[in-house]
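K.L.:
Okay, handing you the structure first.
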Amino acid sequence: MLDSFYYLAGSPGPSGFGSKSTAEQVTASSPLPLPSLTAIITGATSGIGAETARVLAKRGVRLILPSRNLKAAEETKSRILSECSDSQIIVMPLDLSSLSSVTNFVHQFQSLNLPLNLLINNAGKFSHEHAISEDGIEMTFATNYLGHFLLTKLLVNTMVETAKETGVEGRIVNVSSSIHGWFSGDMIKYLGQISRNKRNYDATRAYALSKLANVLHTHELARRLKQMEANVTVNCVHPGIVRTRLTRDREGFITDLVFFMASKLLKTIPQAAATTCYVATSPRLSHVTGKYFSDCNEASPSKLAASPTAAARLWSTSEIMVNSKSKLVFDPNNGLE
């Protein structure tokens with residue numbers, strides 16, 4: 001109850017920020033050398049990702065904006081340049097649901113010989129209809145988690161080398177959701193079921209699974225980076241529930257009243273981007289890794305999300321999925337389930 005009051009009031013936590021803080025506010029006084037940094041931000045064509053990109057560009061960060069929709073990405077670039085004319089922004093093609101597209105993007109990025117300080121895995125989708133990726137994986141999981149897993153895997157050495165050469169800590173931010181706590185049961189078994197057919201598909205459960213995977217990925221990657229003694233951290237964030245056009249697409253007094261009351265719990269997009277920007281840039285989080293943040297402060301994920309066993313199992317399965325023909329991964333005879 002007290003937590004709900006603090007949330008509604010926007011009371012700052014130990015970080016000095018809270019649910020009402022905006023991305024511009026949390027980056028306003030960062031002493032990090034932001035103008036010397038290079039960031040890749042997925043899902044930056046709208047919403048939280050676009051605001052994250054705008055604010056980091058305003059602070060001088062060079063941006064790489066990968067997108068499946070290049071027209072939308074170019075429009076985002078133009079909007080940012082209209083506000084920050086000196087910004088360095090590169091648009092590149094990337095479809096996170098396709099493992100070959102992820103690999104091609106990384107090859108193209110590496111050909112630019114640029115450093116990489118920040119990797120913000122922000123892109124996400126909620127698939128109301130059941131769909132399978134070209135690699136044989138349920139589409140929500142493929143886009144929200146597996147594509148980012150491979151992207152991070154292929155870029156992490158570049159980040160480690162950049163940190164070593166510059167002395168500036170590299171940071172990976174995985175955008176998850178508190179909805180990760182809605183999933184219970186055997187992750188791999190359920191993924192196998194919905195990757196084979198739509199009989200057991202539930203859109204909300206599939207989304208929760210992908211967001212749980214983001215948190216588990218964060219924990220296991222943090223452990224591995226520590227073992228490497230790399231100057232790169234990885235944390236995940238819950239951005240909050242964001243105001244969308246949904247509230248403007250309903251009519252009627254009762255519905256309007258419900259959405260008006262619910263709106264008190266929702267964030268604006270600048271507020272929703274705050275935690276991502278805080279975790280990506282705050283000097284308070286130097287060497288902080290493997291943590292889960294909400295409202296710009298450390299929070300506790302679900303019990304399953306905190307399981308080292310579940311994290312290690314997901315990692316092993318993910319390695320198989322990105323290194324094999326995924327359509328064979330969930331063969332009932334191969335023992336993965």
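Within each chain, counting starts at residue 1; across the structure tokens, chains are named A, B, ... in the order shown, with ligands numbered 1 upward in that order.
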Return as CSV the residues of range 15-51 of chain A lying at most 12 Å from range 228-239 of chain A, together with the closest atom-to-atom pair for each and the distance in Å to one decimal, counting only C-alpha atoms, with rows in chain order and ascending residue number.
P.N.:
residue,atom,partner,partner_atom,distance
A:Gly18,CA,A:Pro239,CA,11.5
A:Ser19,CA,A:Pro239,CA,9.3
A:Lys20,CA,A:Pro239,CA,11.5
A:Ser21,CA,A:Pro239,CA,11.5
A:Thr22,CA,A:Pro239,CA,11.1
A:Ala23,CA,A:Pro239,CA,11.0
A:Gly47,CA,A:Pro239,CA,11.2
A:Ile48,CA,A:Pro239,CA,8.2
A:Gly49,CA,A:Pro239,CA,10.7
K.L.:
List the neighbours of Ala123 in chain A out to 7 Å using only C-alpha atoms; skip same-chain residues closer than 4 positions along the sequence, and give me the result as a PyMOL selection string.
P.N.:
chain A and resi 42-43+144
K.L.:
Kindly save the residues from that selection, with N, CA, C and O atoms included, as a PDB file, in the first residue's frame.
P.N.:
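Okay, result.pdb is ready:
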ATOM      1  N   THR A  42      17.539  -0.395 -30.004  1.00  0.00           N
ATOM      2  CA  THR A  42      16.537  -1.060 -30.822  1.00  0.00           C
ATOM      3  C   THR A  42      15.146  -0.504 -30.489  1.00  0.00           C
ATOM      4  O   THR A  42      14.914   0.011 -29.400  1.00  0.00           O
ATOM      5  N   GLY A  43      14.261  -0.580 -31.459  1.00  0.00           N
ATOM      6  CA  GLY A  43      12.890  -0.110 -31.223  1.00  0.00           C
ATOM      7  C   GLY A  43      12.807   1.378 -30.981  1.00  0.00           C
ATOM      8  O   GLY A  43      11.993   1.844 -30.179  1.00  0.00           O
ATOM      9  N   ASN A 144      11.194 -10.244 -28.981  1.00  0.00           N
ATOM     10  CA  ASN A 144      11.474  -9.579 -27.703  1.00  0.00           C
ATOM     11  C   ASN A 144      12.717 -10.117 -27.007  1.00  0.00           C
ATOM     12  O   ASN A 144      13.405  -9.372 -26.307  1.00  0.00           O
TER      13      ASN A 144
END
K.L.:
With a distance cut-off of 12 Å and only C-alpha atoms, select the neighbouring residues of Ser100 in chain A, excluding the residue or stretch itself and same-chain residues fewer than 6 positions from it, and output the selection as a ChimeraX atom specification.
P.N.:
/A:93-94,106-107,133-135,147,150-151,322-325
K.L.:
Could the residues in this selection be saved with N, CA and C atoms as a short mmCIF file (atom, residue, chain, number, x, y, z; two decimals), in the first residue's frame?
P.N.:
data_model
loop_
_atom_site.label_atom_id
_atom_site.label_comp_id
_atom_site.auth_asym_id
_atom_site.auth_seq_id
_atom_site.Cartn_x
_atom_site.Cartn_y
_atom_site.Cartn_z
N PRO A 93 19.33 -1.34 -41.27
CA PRO A 93 18.24 -2.34 -41.28
C PRO A 93 18.45 -3.45 -40.25
N LEU A 94 17.36 -3.81 -39.57
CA LEU A 94 17.40 -4.93 -38.62
C LEU A 94 15.98 -5.43 -38.36
N VAL A 106 24.93 -6.95 -37.45
CA VAL A 106 26.19 -6.88 -36.69
C VAL A 106 27.38 -6.77 -37.63
N HIS A 107 27.37 -7.54 -38.72
CA HIS A 107 28.46 -7.44 -39.69
C HIS A 107 28.55 -6.04 -40.28
N SER A 133 8.26 -17.25 -36.39
CA SER A 133 9.32 -16.56 -37.12
C SER A 133 9.88 -17.46 -38.22
N GLU A 134 10.68 -16.87 -39.09
CA GLU A 134 11.30 -17.66 -40.17
C GLU A 134 12.24 -18.73 -39.62
N ASP A 135 12.64 -18.59 -38.37
CA ASP A 135 13.53 -19.56 -37.74
C ASP A 135 12.77 -20.61 -36.95
N GLY A 147 16.12 -12.50 -30.55
CA GLY A 147 16.87 -11.58 -31.40
C GLY A 147 17.83 -10.73 -30.59
N LEU A 150 20.88 -12.88 -29.39
CA LEU A 150 21.91 -13.03 -30.42
C LEU A 150 22.63 -11.71 -30.67
N LEU A 151 21.88 -10.61 -30.74
CA LEU A 151 22.48 -9.30 -30.96
C LEU A 151 23.53 -9.01 -29.89
N VAL A 322 20.09 -20.31 -31.43
CA VAL A 322 20.75 -19.39 -32.37
C VAL A 322 21.86 -20.07 -33.16
N ASN A 323 22.23 -21.29 -32.79
CA ASN A 323 23.29 -21.99 -33.49
C ASN A 323 22.80 -23.20 -34.28
N SER A 324 21.49 -23.46 -34.22
CA SER A 324 20.92 -24.62 -34.90
C SER A 324 19.75 -24.17 -35.76
N LYS A 325 19.24 -25.11 -36.54
CA LYS A 325 17.98 -24.85 -37.23
C LYS A 325 16.88 -24.92 -36.18
#
K.L.:
Where in range 35-221 of chain A does DSSP assign helix (DSSP H, G or I), given as a ChimeraX atom specification?
P.N.:
/A:35-36,47-58,70-83,99-110,139-166,178-182,187-196,203-221
K.L.:
Point out the residue among A:Lys125, A:Lys303, A:Lys198, A:His130 with the least atom-to-atom distance to Lys211 in chain A, counting only C-alpha atoms.
P.N.:
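Answer, going by the shortest atom-to-atom distance: A:Lys125.
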K.L.:
Between A:Val288, A:Phe149, A:Asn117, A:Ile320, which one has atoms that come closest to Glu165 in chain A, using only C-alpha atoms?
P.N.:
A:Asn117
K.L.:
Between A:Leu266, A:Ile120, A:Leu114, A:Leu212, which is the closest to Leu56 in chain A once you count only C-alpha atoms?
P.N.:
A:Ile120
K.L.:
Tell me, as a ChimeraX atom specification, which residues lie within 8 Å of Trp315 in chain A, counting only C-alpha atoms; anything in the same chain fewer than 4 positions away does not count.
P.N.:
/A:217,220,311,319
K.L.:
Store the residues of this selection in a file with C-alpha atoms, as a PDB file, in the first residue's frame.
P.N.:
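Written out: selection.pdb:
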ATOM      1  CA  HIS A 217      19.245 -13.133 -19.685  1.00  0.00           C
ATOM      2  CA  GLU A 220      23.225 -14.868 -16.562  1.00  0.00           C
ATOM      3  CA  ALA A 311      18.766 -18.422 -16.118  1.00  0.00           C
ATOM      4  CA  GLU A 319      22.617 -21.006 -27.548  1.00  0.00           C
TER       5      GLU A 319
END
K.L.:
Name all residues at most 8 Å from Ile90 in chain A (count only C-alpha atoms; drop same-chain ones fewer than 4 positions away) and give them as a list of chain:residue names.
P.N.:
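Contacts, in chain order: A:Leu63, A:Ile64, A:Leu65.
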